[in-house]
Amino acid sequence: MPPTDAQLDALHEAARTERLLEEMWPRIEAMQRQMLQQALQGREHDPEAQAGAQRSLGRGTAAQHKPLSRERLRPLLRDVYRRHLEAEDVEAITAFYRTPAGQKLLDKGPALMQASMEAVQPLLMEVLGEMEKELRAEAGSP
C-alpha cells in the first residue's frame with residue numbers, strides 16, 4: 001500500500017528534510033564562490049572578469065533556488081517516495097529517524113554532505129571552466 005501524504009510528511013519532519021535543504025544552500029554557494037575564485041586566479045585585478053563572475057554566480061544561484069523552493073519540492077518528494085516506498089517502509093524509516101541513531105545520522109548529515117561535495121568538486125570545476133569560457137566571450141577576451 002502506498003504511503004499517505006501524512007505519513008510522508010511525518011517522515012520528512014523526522015528526517016529534517018526541509019532544514020537539511022536550507023542548510024545545504026550556503027555550503028553550495030560557498031563552494032561555488034571558492035571554485036569561481038580559483039577559476040579566476042591571476043585575474044583578480046580585472047574588474048570586468050570579476051563583475052562577470054559575480055553576474056554569472058548570481059544567475060546560477062537564483063536559477064538553482066527557484067525550482068528547489070519548499071512549495072515545489074514537497075509534492076515532488078512525496079511522489080518520488082510514494083513510487084519507491086510502501087507505507088510500512090515509510091513508517092519504519094520514520095521510526096528510525098526518531099531514534100538516537102537516526103538523530104545522529106541526521107546530525108552528521110551536513111558534514112557528510114560537505115565531504116561528498118568536496119569529493120565532487122573536480123567535476124564541478126569542469127562546469128566552472130565552461131563558465132569561464134562564457135565570461136571570456138562576454139568580456140571579449142580569448
# chains A, B, ... in the order shown; residues from 1 in each chain; ligands from 1
>>> residues_around(residues="Tyr97 in chain A", least_positions_apart="4", cutoff="6 Å", atoms="only C-alpha atoms", output="ChimeraX atom specification")
/A:14-15,102-103
>>> write_last_selection(atoms="all heavy atoms", output="JSON list (two decimals), in the first residue's frame")
[["chain", "number", "residue", "atom", "x", "y", "z"],
["A", 14, "ALA", "N", 10.56, 14.07, 10.55],
["A", 14, "ALA", "CA", 11.51, 13.32, 11.38],
["A", 14, "ALA", "C", 12.91, 13.37, 10.79],
["A", 14, "ALA", "O", 13.90, 13.42, 11.50],
["A", 14, "ALA", "CB", 11.05, 11.87, 11.53],
["A", 15, "ALA", "N", 12.99, 13.37, 9.46],
["A", 15, "ALA", "CA", 14.28, 13.38, 8.76],
["A", 15, "ALA", "C", 14.84, 14.80, 8.62],
["A", 15, "ALA", "O", 15.95, 14.96, 8.10],
["A", 15, "ALA", "CB", 14.14, 12.74, 7.39],
["A", 102, "GLY", "N", 19.20, 7.41, 14.52],
["A", 102, "GLY", "CA", 18.66, 8.19, 13.41],
["A", 102, "GLY", "C", 18.97, 9.67, 13.57],
["A", 102, "GLY", "O", 19.33, 10.35, 12.60],
["A", 103, "GLN", "N", 18.85, 10.17, 14.78],
["A", 103, "GLN", "CA", 19.17, 11.58, 15.04],
["A", 103, "GLN", "C", 20.66, 11.85, 14.82],
["A", 103, "GLN", "O", 21.03, 12.89, 14.29],
["A", 103, "GLN", "CB", 18.76, 11.97, 16.46],
["A", 103, "GLN", "CG", 17.25, 11.99, 16.67],
["A", 103, "GLN", "CD", 16.59, 13.05, 15.79],
["A", 103, "GLN", "OE1", 16.90, 14.23, 15.88],
["A", 103, "GLN", "NE2", 15.69, 12.61, 14.92]]
>>> residues_around(residues="range 109-119 of chain A", least_positions_apart="3", cutoff="10 Å", atoms="only C-alpha atoms", output="number ranges by chain")
A: 20-21, 23-24, 27-28, 31, 103-106, 122-124
>>> write_last_selection(atoms="C-alpha atoms", output="PDB file, in the first residue's frame")
ATOM      1  CA  LEU A  20      18.792  20.000   5.666  1.00  0.00           C
ATOM      2  CA  LEU A  21      17.891  21.533   2.314  1.00  0.00           C
ATOM      3  CA  GLU A  23      21.422  24.300   5.397  1.00  0.00           C
ATOM      4  CA  MET A  24      22.724  22.953   2.115  1.00  0.00           C
ATOM      5  CA  ARG A  27      27.514  25.402   1.578  1.00  0.00           C
ATOM      6  CA  ILE A  28      26.813  25.053  -2.121  1.00  0.00           C
ATOM      7  CA  MET A  31      31.808  26.169  -2.717  1.00  0.00           C
ATOM      8  CA  GLN A 103      19.172  11.577  15.043  1.00  0.00           C
ATOM      9  CA  LYS A 104      22.937  11.052  14.980  1.00  0.00           C
ATOM     10  CA  LEU A 105      22.811  10.263  11.279  1.00  0.00           C
ATOM     11  CA  LEU A 106      20.822  13.453  10.748  1.00  0.00           C
ATOM     12  CA  PRO A 122      36.696  18.233  -9.522  1.00  0.00           C
ATOM     13  CA  LEU A 123      33.570  17.576 -11.570  1.00  0.00           C
ATOM     14  CA  LEU A 124      32.187  20.982 -10.687  1.00  0.00           C
TER      15      LEU A 124
END
>>> atom_distance(atom1="CA of Ile93 in chain A", atom2="CA of Pro3 in chain A")
12.0 Å
>>> atom_distance(atom1="CA of Gly140 in chain A", atom2="CA of Gln32 in chain A")
23.5 Å
>>> residues_around(residues="Glu18 in chain A", least_positions_apart="6", cutoff="9 Å", atoms="only C-alpha atoms", output="ChimeraX atom specification")
/A:12,70,74
